[in-house]
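Below is one structure; the comments refer to it alone.
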Amino acid sequence: MRVTWTAGTLSFRLDPEDEITGKASDDYPVKLATNSCSIGGVPDDAHPDLFALAAWTIVAPWTRRRVTFDRAVSAELAEALHAGWGVEAGPVGALPRPQGARLAISYSGGADSVAATAMYPEAPFVHFQRVPHPRVPNRWPHYRSDVLAELAATTGHELSVVTSDLEYTLAEPRPGYPEHHAVAAGALLLADQLDLGGLAFGYELGSRWLGGDRYVGRFTPDNPMWAPHGRWGRLFAAAGVHIVLPVGGVSEAVTMRLALGSPLREQVRWCLQGTDGPCRTCGKCVYKELIQAAVERRPLDIPRGATNRARKWLKKPPYGGQEMVQYALARVPGIEDTLFAPALDYFDVAEEATSWLDHCYRPAVEEIPEAWRAQTASFVEANVGFMTPDEARRVETWGAWQGEEMV
């Protein structure tokens, strides 16, 4: 793979051994559509390791043996690429980038990133906004990235909006990030300007420790995408920008509660399709409504037209997000009279069975870099509470089967 940056445009050329269809870090297949993309709102004088890392978040799935950048990178970054992916990276010759002092939040506007903001209210936001690609048709016109960016601008926080068409590098399965980390490409190029030493993502307990949506459902302490000792964690650290997961130890029920109690409650938006508000019928709206109804202890409010969106949560587990489905089934009044009634057959819906999801898994806080760990721990202690040893074992035995039920 040969990578070139020119005035905010990334161009890359595959080597003979590279492949058009590759796999992201969670083994999800992704097919290449085009070999260029742009990132706007960023400087052109960032450290070469930052340019290299931003490019790698985009080209990694299709690179097999080597990656050649258009500027020398540090030996530390090249070693992290080799150790993590087995690729030879070069040319080598730059001094390593020193770690910055500040933490920024990769701000999507959803409940998870708003909950992270509650922990670090002083942190600046970097918001990624998808824009059209000049050569690739938009096959997802209902995605309202402009609405999300407008909401981010009303938060009153220090905000940098990064515009990019990098999601159109994918032909299949649809426009999206080649790697989950590509959402950080713009923030990485801003890291010198903002003096960043850490970038906070809103990935929660399910994504960090319970396997995430596209994994086999099991405990994942060595999660390759988000563990600080994983290949991505080591690579970000080599560029002086640590991956930080402020809400990595709490469930989506907790992030929902924190977001709804936040000063940014009115700006919370997880829907990618609504304009004046959530569309209420997309799959994400259905899932988040289930969690919100559980947190607020009220009946479910889902339009009739959204019924078919719930199918994947009505099947027999395991599947991503099942811990939150079980949590909600135990707490939503009248759930037996809703479209989720068939799922009741698969779960223990006593509240005690999911009470561990109301607390924080302590190792998640212990892996946060020292510069921000104490602030996280203090917030969790005051607002969430830590899991007991028995509750922590529910996390650490996730994926162990007992009869027909996952515990």
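Just so we're on the same page: first chain in the structure tokens is A, next is B, and so on; residues restart at 1 for each chain, and ligands are numbered from 1 in the order they show up.
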Would you list the contacts of Asp44 (chain A) as a PyMOL selection string, taking every protein, DNA or RNA residue within 12 Å and counting only C-alpha atoms, but skipping same-chain residues closer than 6 positions in sequence?
chain A and resi 5-10+50-51+186+188-193
All strand (DSSP E) residues (DSSP, backbone) inside region 71-188 of chain A, as number ranges by chain
A: 71-74, 88-94, 102-106, 125-130, 159-164, 170-172
Any chance you can output those residues with N, CA and C atoms as a PDB file, in the first residue's frame?
```pdb
ATOM      1  N   ARG A  71       5.912  10.462   3.806  1.00  0.00           N
ATOM      2  CA  ARG A  71       6.838  11.188   4.684  1.00  0.00           C
ATOM      3  C   ARG A  71       7.333  10.215   5.744  1.00  0.00           C
ATOM      4  N   ALA A  72       8.530  10.466   6.225  1.00  0.00           N
ATOM      5  CA  ALA A  72       9.133   9.554   7.191  1.00  0.00           C
ATOM      6  C   ALA A  72       8.338   9.536   8.494  1.00  0.00           C
ATOM      7  N   VAL A  73       8.222   8.343   9.075  1.00  0.00           N
ATOM      8  CA  VAL A  73       7.545   8.171  10.357  1.00  0.00           C
ATOM      9  C   VAL A  73       8.576   7.756  11.400  1.00  0.00           C
ATOM     10  N   SER A  74       8.169   7.766  12.655  1.00  0.00           N
ATOM     11  CA  SER A  74       9.098   7.383  13.714  1.00  0.00           C
ATOM     12  C   SER A  74       9.282   5.874  13.747  1.00  0.00           C
ATOM     13  N   GLU A  88       5.416  -4.097   7.086  1.00  0.00           N
ATOM     14  CA  GLU A  88       6.615  -3.259   7.099  1.00  0.00           C
ATOM     15  C   GLU A  88       6.197  -1.840   6.746  1.00  0.00           C
ATOM     16  N   ALA A  89       6.537  -0.887   7.602  1.00  0.00           N
ATOM     17  CA  ALA A  89       6.127   0.498   7.398  1.00  0.00           C
ATOM     18  C   ALA A  89       7.349   1.379   7.225  1.00  0.00           C
ATOM     19  N   GLY A  90       7.261   2.333   6.337  1.00  0.00           N
ATOM     20  CA  GLY A  90       8.365   3.254   6.127  1.00  0.00           C
ATOM     21  C   GLY A  90       7.962   4.363   5.174  1.00  0.00           C
ATOM     22  N   PRO A  91       8.878   5.254   4.861  1.00  0.00           N
ATOM     23  CA  PRO A  91      10.249   5.284   5.385  1.00  0.00           C
ATOM     24  C   PRO A  91      10.278   5.703   6.866  1.00  0.00           C
ATOM     25  N   VAL A  92      11.347   5.323   7.543  1.00  0.00           N
ATOM     26  CA  VAL A  92      11.523   5.619   8.959  1.00  0.00           C
ATOM     27  C   VAL A  92      12.594   6.692   9.100  1.00  0.00           C
ATOM     28  N   GLY A  93      12.353   7.661   9.988  1.00  0.00           N
ATOM     29  CA  GLY A  93      13.355   8.698  10.156  1.00  0.00           C
ATOM     30  C   GLY A  93      12.901   9.868  11.003  1.00  0.00           C
ATOM     31  N   ALA A  94      11.610   9.926  11.348  1.00  0.00           N
ATOM     32  CA  ALA A  94      11.109  11.045  12.154  1.00  0.00           C
ATOM     33  C   ALA A  94      11.293  10.769  13.641  1.00  0.00           C
ATOM     34  N   ARG A 102      -3.808  17.345  26.643  1.00  0.00           N
ATOM     35  CA  ARG A 102      -5.268  17.442  26.755  1.00  0.00           C
ATOM     36  C   ARG A 102      -5.967  16.174  26.279  1.00  0.00           C
ATOM     37  N   LEU A 103      -7.195  16.030  26.753  1.00  0.00           N
ATOM     38  CA  LEU A 103      -8.090  14.969  26.305  1.00  0.00           C
ATOM     39  C   LEU A 103      -9.225  15.607  25.530  1.00  0.00           C
ATOM     40  N   ALA A 104      -9.526  15.072  24.346  1.00  0.00           N
ATOM     41  CA  ALA A 104     -10.688  15.507  23.571  1.00  0.00           C
ATOM     42  C   ALA A 104     -11.677  14.353  23.495  1.00  0.00           C
ATOM     43  N   ILE A 105     -12.916  14.688  23.223  1.00  0.00           N
ATOM     44  CA  ILE A 105     -13.965  13.676  23.087  1.00  0.00           C
ATOM     45  C   ILE A 105     -14.363  13.572  21.627  1.00  0.00           C
ATOM     46  N   SER A 106     -14.302  12.355  21.100  1.00  0.00           N
ATOM     47  CA  SER A 106     -14.832  12.097  19.770  1.00  0.00           C
ATOM     48  C   SER A 106     -16.351  12.110  19.909  1.00  0.00           C
ATOM     49  N   PHE A 125     -14.628  19.033  22.042  1.00  0.00           N
ATOM     50  CA  PHE A 125     -15.260  18.052  21.163  1.00  0.00           C
ATOM     51  C   PHE A 125     -14.590  18.071  19.802  1.00  0.00           C
ATOM     52  N   VAL A 126     -14.443  16.889  19.209  1.00  0.00           N
ATOM     53  CA  VAL A 126     -14.135  16.783  17.786  1.00  0.00           C
ATOM     54  C   VAL A 126     -15.253  15.951  17.172  1.00  0.00           C
ATOM     55  N   HIS A 127     -16.003  16.565  16.275  1.00  0.00           N
ATOM     56  CA  HIS A 127     -17.158  15.900  15.673  1.00  0.00           C
ATOM     57  C   HIS A 127     -16.873  15.571  14.215  1.00  0.00           C
ATOM     58  N   PHE A 128     -17.116  14.332  13.818  1.00  0.00           N
ATOM     59  CA  PHE A 128     -16.916  13.875  12.451  1.00  0.00           C
ATOM     60  C   PHE A 128     -18.230  14.034  11.690  1.00  0.00           C
ATOM     61  N   GLN A 129     -18.169  14.704  10.543  1.00  0.00           N
ATOM     62  CA  GLN A 129     -19.365  14.890   9.722  1.00  0.00           C
ATOM     63  C   GLN A 129     -19.141  14.337   8.327  1.00  0.00           C
ATOM     64  N   ARG A 130     -19.956  13.374   7.958  1.00  0.00           N
ATOM     65  CA  ARG A 130     -19.874  12.824   6.594  1.00  0.00           C
ATOM     66  C   ARG A 130     -20.370  13.846   5.586  1.00  0.00           C
ATOM     67  N   LEU A 159     -15.523  23.214  20.098  1.00  0.00           N
ATOM     68  CA  LEU A 159     -15.891  22.243  19.077  1.00  0.00           C
ATOM     69  C   LEU A 159     -15.059  22.404  17.821  1.00  0.00           C
ATOM     70  N   SER A 160     -14.561  21.276  17.316  1.00  0.00           N
ATOM     71  CA  SER A 160     -13.936  21.219  15.995  1.00  0.00           C
ATOM     72  C   SER A 160     -14.743  20.237  15.160  1.00  0.00           C
ATOM     73  N   VAL A 161     -15.265  20.700  14.042  1.00  0.00           N
ATOM     74  CA  VAL A 161     -16.006  19.824  13.140  1.00  0.00           C
ATOM     75  C   VAL A 161     -15.090  19.423  11.989  1.00  0.00           C
ATOM     76  N   VAL A 162     -14.938  18.136  11.827  1.00  0.00           N
ATOM     77  CA  VAL A 162     -14.122  17.591  10.750  1.00  0.00           C
ATOM     78  C   VAL A 162     -15.064  17.036   9.692  1.00  0.00           C
ATOM     79  N   THR A 163     -14.946  17.520   8.474  1.00  0.00           N
ATOM     80  CA  THR A 163     -15.772  17.004   7.377  1.00  0.00           C
ATOM     81  C   THR A 163     -14.957  16.010   6.563  1.00  0.00           C
ATOM     82  N   SER A 164     -15.594  14.924   6.167  1.00  0.00           N
ATOM     83  CA  SER A 164     -14.859  13.917   5.403  1.00  0.00           C
ATOM     84  C   SER A 164     -15.805  13.046   4.588  1.00  0.00           C
ATOM     85  N   LEU A 170     -15.826   2.670   1.107  1.00  0.00           N
ATOM     86  CA  LEU A 170     -16.431   1.338   1.161  1.00  0.00           C
ATOM     87  C   LEU A 170     -17.484   1.162   0.076  1.00  0.00           C
ATOM     88  N   ALA A 171     -17.361   0.081  -0.673  1.00  0.00           N
ATOM     89  CA  ALA A 171     -18.419  -0.321  -1.596  1.00  0.00           C
ATOM     90  C   ALA A 171     -19.412  -1.222  -0.893  1.00  0.00           C
ATOM     91  N   GLU A 172     -18.912  -2.078  -0.041  1.00  0.00           N
ATOM     92  CA  GLU A 172     -19.756  -2.995   0.724  1.00  0.00           C
ATOM     93  C   GLU A 172     -19.215  -3.068   2.140  1.00  0.00           C
TER      94      GLU A 172
END
```
Please provide as a PyMOL selection string all residues within 10 Å of Asp222 (chain A), with the sequence filter that same-chain residues fewer than 3 positions apart are discarded (counting only C-alpha atoms).
chain A and resi 208-209+211+219+225-231
Quick one: which region 128-225 of chain A residues come within 12 Å of region 323-331 of chain A, and what is the nearest atom pair for each with the distance in Å to one decimal, counting only C-alpha atoms, rows ordered by chain and ascending number, as a Markdown table?
```
| residue | atom | partner | partner_atom | distance |
| --- | --- | --- | --- | --- |
| A:Glu204 | CA | A:Met324 | CA | 11.7 |
| A:Leu205 | CA | A:Glu323 | CA | 10.1 |
| A:Gly206 | CA | A:Glu323 | CA | 7.9 |
| A:Ser207 | CA | A:Glu323 | CA | 11.4 |
| A:Trp209 | CA | A:Glu323 | CA | 11.9 |
| A:Leu210 | CA | A:Glu323 | CA | 9.0 |
| A:Gly211 | CA | A:Glu323 | CA | 11.3 |
| A:Gly212 | CA | A:Glu323 | CA | 10.9 |
| A:Asp213 | CA | A:Glu323 | CA | 11.3 |
| A:Gly217 | CA | A:Glu323 | CA | 10.2 |
| A:Arg218 | CA | A:Glu323 | CA | 11.6 |
```
All helix (DSSP H, G or I) positions in region 37-140 of chain A, as a ChimeraX atom specification:
/A:48-62,75-85,111-119
Just-selected residues, C-alpha atoms written as a JSON list (two decimals), in the first residue's frame:
```json
[["chain", "number", "residue", "atom", "x", "y", "z"],
["A", 48, "PRO", "CA", 4.08, 12.67, 10.29],
["A", 49, "ASP", "CA", 3.06, 9.92, 12.71],
["A", 50, "LEU", "CA", -0.39, 11.50, 12.93],
["A", 51, "PHE", "CA", -0.74, 11.55, 9.14],
["A", 52, "ALA", "CA", 0.39, 7.91, 9.05],
["A", 53, "LEU", "CA", -2.02, 6.79, 11.78],
["A", 54, "ALA", "CA", -4.96, 8.68, 10.24],
["A", 55, "ALA", "CA", -4.23, 6.97, 6.92],
["A", 56, "TRP", "CA", -3.88, 3.56, 8.56],
["A", 57, "THR", "CA", -7.37, 3.78, 10.10],
["A", 58, "ILE", "CA", -8.63, 3.92, 6.52],
["A", 59, "VAL", "CA", -6.34, 1.58, 4.54],
["A", 60, "ALA", "CA", -5.63, -1.15, 7.11],
["A", 61, "PRO", "CA", -8.26, -3.67, 5.93],
["A", 62, "TRP", "CA", -6.76, -3.90, 2.44],
["A", 75, "ALA", "CA", 10.67, 4.02, 14.46],
["A", 76, "GLU", "CA", 8.18, 3.66, 17.33],
["A", 77, "LEU", "CA", 5.18, 3.98, 15.03],
["A", 78, "ALA", "CA", 6.71, 1.62, 12.47],
["A", 79, "GLU", "CA", 7.36, -0.95, 15.20],
["A", 80, "ALA", "CA", 3.78, -0.71, 16.47],
["A", 81, "LEU", "CA", 2.49, -1.33, 12.94],
["A", 82, "HIS", "CA", 4.75, -4.33, 12.53],
["A", 83, "ALA", "CA", 3.92, -5.78, 15.93],
["A", 84, "GLY", "CA", 0.20, -5.34, 15.45],
["A", 85, "TRP", "CA", -0.33, -6.18, 11.79],
["A", 111, "ALA", "CA", -26.01, 9.00, 24.76],
["A", 112, "ASP", "CA", -22.62, 7.32, 25.15],
["A", 113, "SER", "CA", -20.54, 10.33, 24.12],
["A", 114, "VAL", "CA", -22.76, 12.67, 26.17],
["A", 115, "ALA", "CA", -22.15, 10.41, 29.18],
["A", 116, "ALA", "CA", -18.41, 10.68, 28.53],
["A", 117, "THR", "CA", -18.83, 14.46, 28.47],
["A", 118, "ALA", "CA", -20.41, 14.31, 31.92],
["A", 119, "MET", "CA", -17.13, 12.84, 33.18]]
```
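Reported to one decimal place, the separation of CA of Leu196 (chain A) from CA of Phe236 (chain A) is 11.5 Å.
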Nearest to Gly305 (chain A): which of A:Ala353, A:Val241, A:Ala149, A:Cys282 is it, counting only C-alpha atoms?
A:Cys282
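Shortest separation to Asp146 (chain A) among A:Tyr361, A:Gln273, A:Ala123, A:Gly385 occurs at residue A:Gln273, atoms counted being only C-alpha atoms.
Distances from A:Glu296, A:Glu352, A:Glu367, A:Asp45 to Pro333 (chain A) were compared using only C-alpha atoms, and the smallest one belongs to A:Glu296.
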Give me the residues within 9 Å of Glu167 (chain A) as an MDAnalysis selection string, counting only C-alpha atoms and dropping any in the same chain fewer than 6 places off.
chainID A and resid 37 58 130:131 133 174:178 182
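Here CA of Ile335 (chain A) stands at a distance of 28.7 Å from CA of Phe386 (chain A).
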Min atom-atom distance to Cys279 (chain A) from the set A:Leu95, A:Gln375, A:Arg144, A:Phe340, counting only C-alpha atoms, belongs to A:Arg144
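Pairwise distance (CA of Arg2 (chain A), CA of Thr21 (chain A)) equals 17.0 Å.
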Contacts of Val295 (chain A) at 8 Å (only C-alpha atoms; same-chain gap of 6+ positions) as a PyMOL selection string
chain A and resi 253+256-257+331
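Restricting the calculation to only C-alpha atoms, the smallest distance between Gly321 (chain A) and any of A:Arg269, A:Arg65, A:His142, A:Lys288 is found for A:Lys288.
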